[in-house]
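J.: Sharing data_27.txt, compact mmCIF, C-alpha atoms and all ligand atoms:
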# COMPACT_ATOMS: atom_id res chain seq x y z
CA MET A 18 -16.18 -7.21 2.83
CA GLY A 19 -14.86 -3.82 1.90
CA SER A 20 -14.37 -2.52 -1.55
CA ASN A 21 -10.68 -3.17 -1.87
CA LYS A 22 -9.70 -6.60 -0.70
CA LYS A 23 -7.16 -7.61 -3.24
CA SER A 24 -3.54 -8.49 -3.64
CA LEU A 25 -1.43 -9.65 -6.51
CA MET A 26 1.51 -11.69 -5.32
CA PRO A 27 2.86 -14.52 -7.39
CA MET A 28 3.04 -17.77 -5.47
CA GLY A 29 5.10 -20.56 -6.93
CA ASP A 30 7.34 -20.60 -10.01
CA ASN A 31 4.37 -20.33 -12.33
CA GLY A 32 2.28 -18.29 -9.89
CA THR A 33 -0.21 -21.03 -9.11
CA SER A 34 -0.72 -23.33 -6.15
CA SER A 35 -1.32 -27.03 -6.70
CA ALA A 36 -4.86 -26.71 -5.31
CA GLU A 37 -5.82 -24.01 -7.74
CA GLN A 38 -4.45 -25.93 -10.73
CA LEU A 39 -7.28 -28.39 -10.08
CA LEU A 40 -9.95 -25.70 -10.19
CA PRO A 41 -11.39 -24.68 -13.55
CA ASP A 42 -11.53 -20.93 -14.21
CA ALA A 43 -15.32 -20.79 -13.94
CA LEU A 44 -15.19 -22.22 -10.43
CA SER A 45 -12.32 -19.93 -9.43
CA THR A 46 -14.28 -16.95 -10.68
CA ALA A 47 -17.37 -18.05 -8.77
CA ALA A 48 -15.28 -18.50 -5.60
CA ALA A 49 -13.70 -15.04 -6.01
CA ARG A 50 -17.11 -13.43 -6.58
CA PHE A 51 -18.45 -15.17 -3.51
CA VAL A 52 -15.57 -14.08 -1.25
CA ASP A 53 -15.79 -10.56 -2.63
CA SER A 54 -19.48 -10.37 -1.78
CA LEU A 55 -19.02 -11.39 1.87
CA LYS A 56 -20.22 -8.70 4.22
CA ILE A 57 -18.12 -8.96 7.35
CA ASN A 58 -18.71 -5.47 8.83
CA SER A 59 -21.26 -2.73 8.78
CA ILE A 60 -20.32 0.94 8.85
CA SER A 61 -22.47 3.70 10.33
CA GLU A 62 -21.95 7.35 11.14
CA ALA A 63 -22.85 8.96 14.47
CA VAL A 64 -21.97 11.87 16.76
CA ARG A 65 -20.39 10.98 20.12
CA ARG A 66 -19.61 13.70 22.66
CA GLY A 67 -19.85 16.26 19.88
CA ARG A 68 -17.41 14.45 17.58
CA PRO A 69 -18.47 12.94 14.25
CA VAL A 70 -17.52 9.26 14.38
CA VAL A 71 -17.70 6.10 12.32
CA ILE A 72 -18.88 2.91 14.02
CA LYS A 73 -17.49 -0.25 12.43
CA ARG A 74 -19.27 -3.36 13.65
CA ARG A 75 -18.57 -7.03 12.93
CA HIS A 76 -21.57 -9.12 11.96
CA VAL A 77 -22.60 -12.09 14.07
CA TYR A 78 -21.15 -14.52 11.53
CA GLY A 79 -18.02 -12.39 11.02
CA GLU A 80 -15.60 -14.95 12.48
CA GLN A 81 -16.87 -17.80 10.31
CA LEU A 82 -16.90 -15.61 7.20
CA THR A 83 -13.31 -14.47 7.76
CA GLU A 84 -12.23 -18.10 8.14
CA LEU A 85 -13.86 -18.87 4.81
CA ALA A 86 -12.22 -15.87 3.16
CA ASN A 87 -8.82 -16.87 4.60
CA LEU A 88 -9.20 -20.35 3.18
CA TYR A 89 -9.79 -18.78 -0.22
CA PHE A 90 -6.77 -16.47 0.16
CA ARG A 91 -4.59 -19.45 1.06
CA ILE A 92 -5.73 -21.56 -1.89
CA ALA A 93 -5.39 -18.61 -4.28
CA GLY A 94 -1.90 -17.83 -2.97
CA LEU A 95 -2.87 -14.32 -1.92
CA PRO A 96 -0.54 -13.24 0.91
CA ILE A 97 -3.23 -11.60 3.05
CA ARG A 98 -5.40 -12.73 5.96
CA PHE A 99 -8.36 -11.41 7.88
CA TRP A 100 -8.12 -11.32 11.65
CA THR A 101 -10.55 -14.06 12.46
CA LYS A 102 -11.10 -13.48 16.20
CA THR A 103 -13.16 -10.35 16.68
CA GLU A 104 -11.10 -9.15 19.64
CA ASP A 105 -7.85 -9.53 17.64
CA TRP A 106 -9.40 -7.48 14.87
CA GLN A 107 -10.51 -4.79 17.34
CA ARG A 108 -7.05 -4.65 18.94
CA TRP A 109 -5.26 -4.35 15.57
CA GLU A 110 -7.64 -1.70 14.15
CA VAL A 111 -7.35 0.38 17.33
CA GLU A 112 -3.54 0.02 17.51
CA CYS A 113 -2.97 0.87 13.85
CA PHE A 114 -5.34 3.83 13.82
CA LYS A 115 -3.74 5.23 17.00
CA MET A 116 -0.23 4.70 15.66
CA LEU A 117 -0.95 6.50 12.38
CA ASN A 118 -3.66 9.01 13.24
CA GLY A 119 -3.51 9.32 17.03
CA ASP A 120 -1.88 12.76 16.79
CA ARG A 121 -5.32 14.29 16.12
CA PHE A 122 -7.93 11.57 16.09
CA ARG A 123 -9.36 9.06 18.56
CA VAL A 124 -10.40 5.46 18.32
CA SER A 125 -11.75 2.97 20.85
CA ARG A 126 -13.32 -0.47 21.20
CA VAL A 127 -17.07 -0.48 21.62
CA ARG A 128 -18.56 -3.44 23.44
CA ASN A 129 -17.39 -6.77 22.12
CA ASN A 130 -17.92 -6.43 18.40
CA ALA A 131 -17.31 -2.84 17.27
CA ILE A 132 -14.90 0.06 17.17
CA CYS A 133 -15.64 3.78 17.24
CA ILE A 134 -13.33 5.92 15.07
CA ASP A 135 -13.21 9.68 14.70
CA GLN A 136 -14.38 10.58 11.24
CA LEU A 137 -11.42 11.86 9.26
CA PRO A 138 -12.03 15.04 7.26
CA GLY A 139 -11.94 14.71 3.49
CA GLU A 140 -12.79 12.05 0.98
CA SER A 141 -11.18 8.79 -0.04
CA LEU A 142 -8.91 8.90 -3.07
CA TRP A 143 -11.09 6.20 -4.63
CA GLU A 144 -14.07 8.59 -4.54
CA ARG A 145 -11.85 11.34 -5.94
CA LEU A 146 -10.70 9.10 -8.76
CA ASN A 147 -14.26 8.16 -9.66
CA HIS A 148 -15.49 11.75 -9.44
CA HIS A 149 -12.61 12.88 -11.67
CA THR A 150 -11.33 15.22 -8.97
CA LEU A 151 -8.07 13.40 -8.21
CA THR A 152 -4.97 15.60 -8.51
CA ARG A 153 -1.23 15.04 -8.50
CA ARG A 154 -0.98 16.75 -5.13
CA MET A 155 -3.31 14.15 -3.60
CA VAL A 156 -1.38 11.14 -4.86
CA GLU A 157 1.83 12.78 -3.66
CA ALA A 158 0.30 13.20 -0.21
CA ALA A 159 -0.57 9.48 -0.33
CA GLY A 160 3.02 8.57 -1.29
CA ILE A 161 4.37 10.59 1.63
CA GLU A 162 1.92 8.94 4.03
CA PHE A 163 2.78 5.43 2.79
CA ARG A 164 6.47 6.16 3.36
CA ARG A 165 5.79 7.46 6.86
CA ALA A 166 3.55 4.50 7.71
CA HIS A 167 6.15 2.00 6.48
CA GLN A 168 8.68 3.41 8.92
CA PHE A 169 6.75 2.37 12.03
CA TRP A 170 7.91 -0.70 13.91
CA SER A 171 5.35 -3.45 14.46
CA LYS A 172 5.81 -6.11 17.09
CA ASP A 173 3.31 -8.35 15.29
CA PHE A 174 5.56 -8.36 12.21
CA ARG A 175 8.78 -8.12 14.20
CA GLY A 176 9.69 -5.58 11.58
CA SER A 177 8.32 -2.57 9.77
CA TRP A 178 4.58 -2.16 9.64
CA SER A 179 2.55 -2.69 6.46
CA HIS A 180 -1.15 -2.16 5.69
CA GLY A 181 -2.27 -5.25 3.76
CA ASP A 182 -5.25 -3.63 2.04
CA ALA A 183 -3.93 -0.25 0.95
CA GLY A 184 -6.30 0.45 -1.93
CA MET A 185 -7.40 4.00 -2.74
CA ALA A 186 -10.69 3.51 -0.84
CA ASN A 187 -8.63 3.22 2.34
CA VAL A 188 -6.73 6.48 1.85
CA ILE A 189 -8.59 9.58 3.04
CA TYR A 190 -7.32 12.92 1.75
CA ASP A 191 -8.05 16.25 3.43
CA GLU A 192 -7.64 19.19 1.11
CA LYS A 193 -7.41 21.76 3.92
CA SER A 194 -4.33 20.20 5.49
CA ASP A 195 -3.08 18.60 2.23
CA ARG A 196 -2.72 15.39 4.16
CA ALA A 197 -3.55 11.76 3.32
CA ARG A 198 -4.32 9.27 6.10
CA LEU A 199 -4.77 5.50 6.10
CA ILE A 200 -7.82 3.65 7.46
CA ASP A 201 -9.26 0.09 7.48
CA PHE A 202 -6.90 -2.32 9.23
CA GLU A 203 -8.98 -5.42 8.93
CA ILE A 204 -6.66 -7.42 6.74
CA VAL A 205 -2.98 -8.08 7.38
CA HIS A 206 -0.15 -9.36 5.28
CA ASP A 207 0.97 -12.90 5.88
CA LYS A 208 3.69 -12.61 8.52
CA SER A 209 6.03 -14.89 6.60
CA LEU A 210 6.38 -12.34 3.80
CA PRO A 211 9.61 -10.32 3.82
CA THR A 212 9.22 -6.65 4.71
CA LEU A 213 10.22 -5.43 1.25
CA SER A 214 7.52 -7.59 -0.37
CA ARG A 215 4.89 -6.37 2.10
CA HIS A 216 5.78 -2.76 1.41
CA ALA A 217 5.87 -3.32 -2.34
CA ASP A 218 2.48 -5.07 -2.13
CA ASP A 219 0.99 -1.99 -0.41
CA LEU A 220 2.25 0.19 -3.27
CA LEU A 221 0.93 -2.30 -5.81
CA ILE A 222 -2.56 -2.46 -4.31
CA PHE A 223 -2.78 1.34 -4.34
CA LEU A 224 -1.44 1.57 -7.89
CA LEU A 225 -3.70 -1.18 -9.25
CA ASP A 226 -6.68 1.07 -8.55
CA LEU A 227 -5.05 3.84 -10.57
CA ILE A 228 -3.94 1.48 -13.31
CA ALA A 229 -7.38 -0.09 -13.64
CA THR A 230 -9.46 3.07 -13.40
CA ALA A 231 -7.55 6.27 -14.26
CA SER A 232 -7.67 7.66 -17.79
CA ALA A 233 -4.96 7.01 -20.40
CA ARG A 234 -3.74 10.58 -19.84
CA GLN A 235 -3.60 10.44 -16.05
CA TRP A 236 -2.63 6.97 -14.89
CA LEU A 237 1.10 7.24 -15.55
CA PRO A 238 1.79 10.81 -14.32
CA PHE A 239 -0.17 10.02 -11.14
CA THR A 240 1.63 6.70 -10.67
CA LEU A 241 5.03 8.33 -11.05
CA ALA A 242 4.06 11.20 -8.74
CA PHE A 243 3.02 8.66 -6.09
CA LEU A 244 6.26 6.68 -6.41
CA ASN A 245 8.44 9.78 -6.43
CA ALA A 246 6.78 11.00 -3.24
CA TYR A 247 7.22 7.55 -1.68
CA ASP A 248 10.90 7.77 -2.63
CA ASN A 249 12.34 4.46 -1.47
CA GLY A 250 14.58 2.81 -4.10
CA PRO A 251 14.72 -0.75 -2.69
CA VAL A 252 10.93 -0.96 -2.25
CA ILE A 253 10.33 0.43 -5.75
CA ALA A 254 12.83 -2.10 -7.15
CA GLN A 255 10.91 -4.85 -5.35
CA LEU A 256 7.63 -3.45 -6.70
CA SER A 257 9.09 -3.76 -10.17
CA ARG A 258 9.57 -7.50 -9.56
CA GLN A 259 5.98 -7.83 -8.31
CA LEU A 260 4.41 -6.10 -11.30
CA SER A 261 4.12 -9.21 -13.48
CA PRO A 262 0.48 -10.24 -13.61
CA PRO A 263 0.16 -13.58 -11.80
CA SER A 264 -1.71 -16.44 -13.36
CA GLY A 265 -4.54 -18.48 -11.89
CA MET A 266 -6.74 -17.50 -8.99
CA ALA A 267 -4.72 -14.44 -7.96
CA TRP A 268 -5.34 -12.92 -11.39
CA ILE A 269 -9.02 -13.89 -11.32
CA TRP A 270 -9.32 -12.30 -7.87
CA TRP A 271 -7.92 -9.07 -9.23
CA GLY A 272 -10.36 -9.27 -12.16
CA VAL A 273 -13.28 -9.61 -9.78
CA ARG A 274 -12.02 -6.73 -7.63
CA THR A 275 -11.78 -4.43 -10.67
CA SER A 276 -15.10 -5.58 -12.14
CA PHE A 277 -13.08 -7.09 -14.96
CA ALA A 278 -11.62 -3.80 -16.17
CA ASN A 279 -10.09 -4.63 -19.55
CA PRO A 280 -7.36 -7.20 -18.65
CA ALA A 281 -5.33 -6.32 -21.78
CA LYS A 282 -5.21 -2.67 -20.70
CA ILE A 283 -4.08 -3.61 -17.18
CA LYS A 284 -1.37 -5.94 -18.50
CA GLN A 285 -0.10 -3.29 -20.89
CA ARG A 286 0.03 -0.61 -18.17
CA LEU A 287 1.72 -2.98 -15.72
CA ALA A 288 4.34 -3.79 -18.38
CA LYS A 289 5.00 -0.10 -18.99
CA LEU A 290 5.39 0.55 -15.27
CA ARG A 291 7.65 -2.49 -14.87
CA ASP A 292 9.85 -1.16 -17.63
CA LEU A 293 10.16 2.27 -15.98
CA THR A 294 10.69 1.02 -12.43
CA SER A 295 13.17 -1.70 -13.37
CA HIS A 296 15.32 0.89 -15.11
CA LEU A 297 15.24 3.04 -12.01
CA GLY A 298 16.45 0.09 -9.92
CA HIS A 299 19.25 -0.59 -12.40
CA TYR A 300 20.44 3.01 -12.45
CA ARG A 301 20.37 3.19 -8.66
CA ALA A 302 22.47 0.04 -8.37
CA VAL A 303 25.03 1.38 -10.86
CA ALA A 304 25.16 4.70 -9.02
CA ALA A 305 25.67 2.98 -5.67
CA ALA A 306 28.53 0.88 -7.12
CA ARG A 307 30.16 4.04 -8.49
CA VAL A 308 29.93 5.71 -5.10
CA ARG A 309 31.63 2.72 -3.49
CA GLN A 310 34.42 2.73 -6.09
CA ARG A 311 35.18 6.42 -6.07
CA ARG A 312 36.03 6.92 -2.44
CA ARG A 313 36.93 10.49 -1.68
CA ALA A 314 40.21 11.41 0.06
CA SER A 315 40.22 10.41 3.71
CA MET A 316 40.33 13.22 6.22
CA THR A 317 41.32 11.20 9.21
CA CYS A 318 45.09 10.99 8.46
CA GLN A 319 45.50 14.43 6.93
CA THR A 320 45.65 17.95 8.13
CA MET A 321 42.54 19.86 7.15
CA THR A 322 43.17 22.50 4.54
CA ALA A 323 40.88 24.97 2.84
CA GLY A 324 38.83 23.26 0.14
CA MET A 325 38.92 19.80 1.73
CA PRO A 326 35.47 18.37 2.31
CA ARG A 327 34.18 18.59 5.87
CA PRO A 328 32.19 15.63 7.27
CA ILE A 329 28.87 17.38 6.64
CA SER A 330 29.63 18.13 2.97
CA ARG A 331 30.99 14.58 2.44
CA ALA A 332 27.78 13.15 3.87
CA ARG A 333 25.66 15.40 1.67
CA HIS A 334 27.73 14.53 -1.39
CA THR A 335 27.46 10.78 -0.75
CA ARG A 336 23.72 11.05 -0.17
CA GLU A 337 23.20 13.01 -3.37
CA ARG A 338 25.30 10.61 -5.41
CA ALA A 339 23.48 7.66 -3.98
CA LYS A 340 20.17 9.23 -4.95
CA ALA A 341 21.24 10.07 -8.50
CA PRO A 342 20.75 7.05 -10.79
CA SER A 343 23.61 8.20 -13.05
CA PRO A 344 25.18 11.54 -13.99
CA GLU A 345 22.78 11.82 -16.92
CA MET A 346 19.71 10.62 -15.08
CA PRO A 347 17.54 12.61 -12.66
CA SER A 348 17.52 11.13 -9.15
CA LYS A 349 13.79 10.45 -9.39
CA LEU A 350 11.46 8.79 -11.82
CA PRO A 351 10.28 11.10 -14.59
CA THR A 352 7.04 12.83 -13.65
CA SER A 353 5.32 11.95 -16.92
CA ARG A 354 5.82 10.08 -20.14
N1 LIG A 401 -12.34 7.09 10.23
C1 LIG A 401 -12.97 7.29 9.08
N2 LIG A 401 -13.10 8.53 8.59
C2 LIG A 401 -13.73 8.78 7.43
N3 LIG A 401 -14.31 7.82 6.68
C3 LIG A 401 -14.24 6.55 7.12
C4 LIG A 401 -13.57 6.21 8.33
N4 LIG A 401 -13.67 4.89 8.51
C5 LIG A 401 -14.37 4.42 7.46
N5 LIG A 401 -14.72 5.41 6.62
C6 LIG A 401 -15.51 5.30 5.37
O1 LIG A 401 -16.17 4.06 5.36
C7 LIG A 401 -15.66 3.24 4.30
C8 LIG A 401 -15.60 1.80 4.77
O2 LIG A 401 -14.78 1.69 5.94
P1 LIG A 401 -13.56 0.69 6.03
O3 LIG A 401 -12.94 0.82 7.39
O4 LIG A 401 -12.68 0.93 4.87
O5 LIG A 401 -14.28 -0.71 5.97
P2 LIG A 401 -14.39 -1.82 4.83
O6 LIG A 401 -13.68 -2.98 5.39
O7 LIG A 401 -15.84 -2.02 4.69
O8 LIG A 401 -13.74 -1.30 3.58
C9 LIG A 401 -14.33 3.85 3.92
O9 LIG A 401 -13.96 3.59 2.58
C10 LIG A 401 -14.57 5.31 4.18
O10 LIG A 401 -15.23 5.90 3.08
MG MG A 402 -12.05 -0.21 3.22
In structure tokens, how does this file's structure come out?
T.:
Amino acid sequence: MGSNKKSLMPMGDNGTSSAEQLLPDALSTAAARFVDSLKINSISEAVRRGRPVVIKRRHVYGEQLTELANLYFRIAGLPIRFWTKTEDWQRWEVECFKMLNGDRFRVSRVRNNAICIDQLPGESLWERLNHHTLTRRMVEAAGIEFRRAHQFWSKDFRGSWSHGDAGMANVIYDEKSDRARLIDFEIVHDKSLPTLSRHADDLLIFLLDLIATASARQWLPFTLAFLNAYDNGPVIAQLSRQLSPPSGMAWIWWGVRTSFANPAKIKQRLAKLRDLTSHLGHYRAVAAARVRQRRRASMTCQTMTAGMPRPISRARHTRERAKAPSPEMPSKLPTSR
């Protein structure tokens, strides 16, 4: 398994499934560690027709291992699944990579158990974070790319596309073009999840890496820069609702994925972010209500005179008002606290 297979979605009212209530924590932790250690693919680098490529190959027991992992995800109430059939996995990886990166990069199936992907220039944001070379510009590029990616239509979801495993290790940033790109489409969101929740989960998985690993000085400015660049009020409001740490196996899974980074620190940072993002949602809702109430003079039944708003300026005005949380508030989240 890759380095970032995690998700944090509450399940039932108390965030636990009936199956997991029967499992003691020690067993849940052992199960999470086991699933986390599963090696489903191997990655190797090569040069094909002069192009540097990455070959991603499923192991012989890949299908059985993904079935085991999916069973764990179901019991733990994690809303993600591996593609179990190797050819489904190949199709999805190739489709997603082409959709997002096909403007400059190639991808293809190789025999019956591998794919060959052009190597993207740059480094993953996870490496950057760990080498202390992550900058605000990079997380902004990631926010812009997440927004772009979430606008694609997916026939598998019968709705907007989502990643399902959008941790920082799966975001490659190229300094030269100041561009972030997404890779690793091996896991998908459960199709029954509403689009807003899938999108919010992608943001959450990215941000959990920052929250767990970035320094006290950097985690919040970088988080806010990412969300401001993403710039989608309804998804950020949904994220706010998904920021409560779940209980049970979902929380243990996250602990395993972050090598048990201080849980108190993570809870405190999540609470701070929830506070900030929930306020943003509230201000946006108030602003939208105000816009609806204060309708501007209609132009359709009146003769146009100098000073009356033209359609273009009305549209711009409405858009700007809708973006501004309130007259006193900036339209975006603050960039630091
Ligand atoms: N197309 C690519 N360009 C550059 N690096 C890549 C590419 N594909 C994979 N990698 C590197 O290999 C790592 C593992 O690949 P990934 O597809 O994420 O598989 P896994 O499921 O093992 O996480 C990535 O984190 C990245 O560092
Ligand atoms: Mg990966």
J.: Counting only C-alpha atoms and all ligand atoms, which residue out of A:Val156, A:Ala47, A:Val71, A:Ala186 sits closest to ligand MG 402 (chain A)?
T.: A:Ala186
J.: Identify, counting all atoms listed in the file, the protein, DNA and RNA residues located within 9 Å of ligand LIG 401 (chain A), and give them as a short mmCIF file (atom, residue, chain, number, x, y, z; two decimals) with C-alpha atoms, in the coordinates of the input.
T.:
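Output saved as out_34.cif:
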data_model
loop_
_atom_site.label_atom_id
_atom_site.label_comp_id
_atom_site.auth_asym_id
_atom_site.auth_seq_id
_atom_site.Cartn_x
_atom_site.Cartn_y
_atom_site.Cartn_z
CA MET A 18 -16.18 -7.21 2.83
CA GLY A 19 -14.86 -3.82 1.90
CA SER A 20 -14.37 -2.52 -1.55
CA ASN A 21 -10.68 -3.17 -1.87
CA LYS A 22 -9.70 -6.60 -0.70
CA LYS A 56 -20.22 -8.70 4.22
CA ILE A 57 -18.12 -8.96 7.35
CA ASN A 58 -18.71 -5.47 8.83
CA SER A 59 -21.26 -2.73 8.78
CA ILE A 60 -20.32 0.94 8.85
CA SER A 61 -22.47 3.70 10.33
CA GLU A 62 -21.95 7.35 11.14
CA PRO A 69 -18.47 12.94 14.25
CA VAL A 70 -17.52 9.26 14.38
CA VAL A 71 -17.70 6.10 12.32
CA ILE A 72 -18.88 2.91 14.02
CA LYS A 73 -17.49 -0.25 12.43
CA GLU A 110 -7.64 -1.70 14.15
CA PHE A 114 -5.34 3.83 13.82
CA PHE A 122 -7.93 11.57 16.09
CA VAL A 124 -10.40 5.46 18.32
CA CYS A 133 -15.64 3.78 17.24
CA ILE A 134 -13.33 5.92 15.07
CA ASP A 135 -13.21 9.68 14.70
CA GLN A 136 -14.38 10.58 11.24
CA LEU A 137 -11.42 11.86 9.26
CA PRO A 138 -12.03 15.04 7.26
CA GLY A 139 -11.94 14.71 3.49
CA GLU A 140 -12.79 12.05 0.98
CA SER A 141 -11.18 8.79 -0.04
CA TRP A 143 -11.09 6.20 -4.63
CA GLU A 144 -14.07 8.59 -4.54
CA ASP A 182 -5.25 -3.63 2.04
CA MET A 185 -7.40 4.00 -2.74
CA ALA A 186 -10.69 3.51 -0.84
CA ASN A 187 -8.63 3.22 2.34
CA VAL A 188 -6.73 6.48 1.85
CA ILE A 189 -8.59 9.58 3.04
CA LEU A 199 -4.77 5.50 6.10
CA ILE A 200 -7.82 3.65 7.46
CA ASP A 201 -9.26 0.09 7.48
CA PHE A 202 -6.90 -2.32 9.23
CA GLU A 203 -8.98 -5.42 8.93
CA ILE A 204 -6.66 -7.42 6.74
#
J.: Nearest to ligand MG 402 (chain A) among A:Arg165, A:Arg234, A:Arg98, A:His180, with distances taken over only C-alpha atoms and all ligand atoms: which residue is it?
T.: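 Of the candidates, the smallest distance to ligand MG 402 (chain A) is held by A:His180.
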J.: Quick one: of A:Leu241, A:Ala281, A:Ala183, A:Ile228, who's nearest to ligand MG 402 (chain A), counting only C-alpha atoms and all ligand atoms?
T.: A:Ala183
J.: Taking only C-alpha atoms into account, which of A:Val205, A:Gly176, A:Thr152, A:Leu82 comes nearest Trp109 (chain A)?
T.: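 For Trp109 (chain A), the nearest of the given residues is A:Val205.
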J.: May I ask which of the residues A:Ala197, A:Ile92, A:Leu224, A:Ala49 is the closest one to Asn118 (chain A), counting only C-alpha atoms?
T.: A:Ala197
J.: To one decimal in Å, tell me the separation between CA of Ser264 (chain A) and CA of Arg291 (chain A).
T.: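 Interatomic distance, CA of Ser264 (chain A) to CA of Arg291 (chain A): 16.9 Å.
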J.: What does the structure give for the distance between CA of Gly272 (chain A) and CA of Asp219 (chain A), in Å to one decimal?
T.: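 Separating CA of Gly272 (chain A) from CA of Asp219 (chain A) is a distance of 17.9 Å.
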J.: Quick check, in Å to one decimal: how far apart do CA of Gly79 (chain A) and CA of Ser214 (chain A) lie?
T.: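 Going from CA of Gly79 (chain A) over to CA of Ser214 (chain A), I get 28.4 Å.
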J.: Can you tell me which residues surround Thr46 (chain A) at a distance of at most 8 Å, considering only C-alpha atoms, apart from same-chain residues fewer than 2 positions away, and format the answer as a list in words?
T.: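 Once the adjacent positions are removed, what remains is Asp42, Ala43, Leu44, Ala48, Ala49, Arg50, Met266, Ile269, Trp270 and Val273 of chain A.
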J.: Identify which of the residues A:Leu146, A:Val252, A:Leu293, A:Leu260 lies closest to Arg215 (chain A), counting all atoms listed in the file when measuring atom-to-atom distances.
T.: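 The shortest atom-to-atom distance to Arg215 (chain A) comes from A:Val252.
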J.: Using only C-alpha atoms and a cutoff of 9 Å, can you tell me which residues are near (0.3, -14.6, 6.6) in the file's coordinates, and write them out as a short mmCIF file (atom, residue, chain, number, x, y, z; two decimals) with C-alpha atoms, in the frame of the given file?
T.:
data_model
loop_
_atom_site.label_atom_id
_atom_site.label_comp_id
_atom_site.auth_asym_id
_atom_site.auth_seq_id
_atom_site.Cartn_x
_atom_site.Cartn_y
_atom_site.Cartn_z
CA ARG A 91 -4.59 -19.45 1.06
CA PRO A 96 -0.54 -13.24 0.91
CA ILE A 97 -3.23 -11.60 3.05
CA ARG A 98 -5.40 -12.73 5.96
CA VAL A 205 -2.98 -8.08 7.38
CA HIS A 206 -0.15 -9.36 5.28
CA ASP A 207 0.97 -12.90 5.88
CA LYS A 208 3.69 -12.61 8.52
CA SER A 209 6.03 -14.89 6.60
CA LEU A 210 6.38 -12.34 3.80
#
J.: For a cutoff of 12 Å around the file-coordinate point (-7.6, 4.7, -10.9), which residues qualify once you count all atoms listed in the file? I'd like the result as an NGL selection string.
T.: :A and (142-152 or 156 or 184-186 or 222-240 or 275 or 278 or 283 or 286)
J.: If you count only C-alpha atoms, which residues fall within 7 Å of Ala267 (chain A), apart from same-chain ones fewer than 2 positions away, as a PyMOL selection string?
T.: chain A and resi 25+93-95+263-265+269-271
J.: Padding 4 Å on each side, edges along x, y and z: where is the centre of the box around the listed atoms of region 52-68 of chain A, and how long are its edges in Å to one decimal? Output it as AutoDock Vina command-line options.
T.:
--center_x -19.2 --center_y 1.1 --center_z 10.0 --size_x 15.3 --size_y 38.3 --size_z 33.3
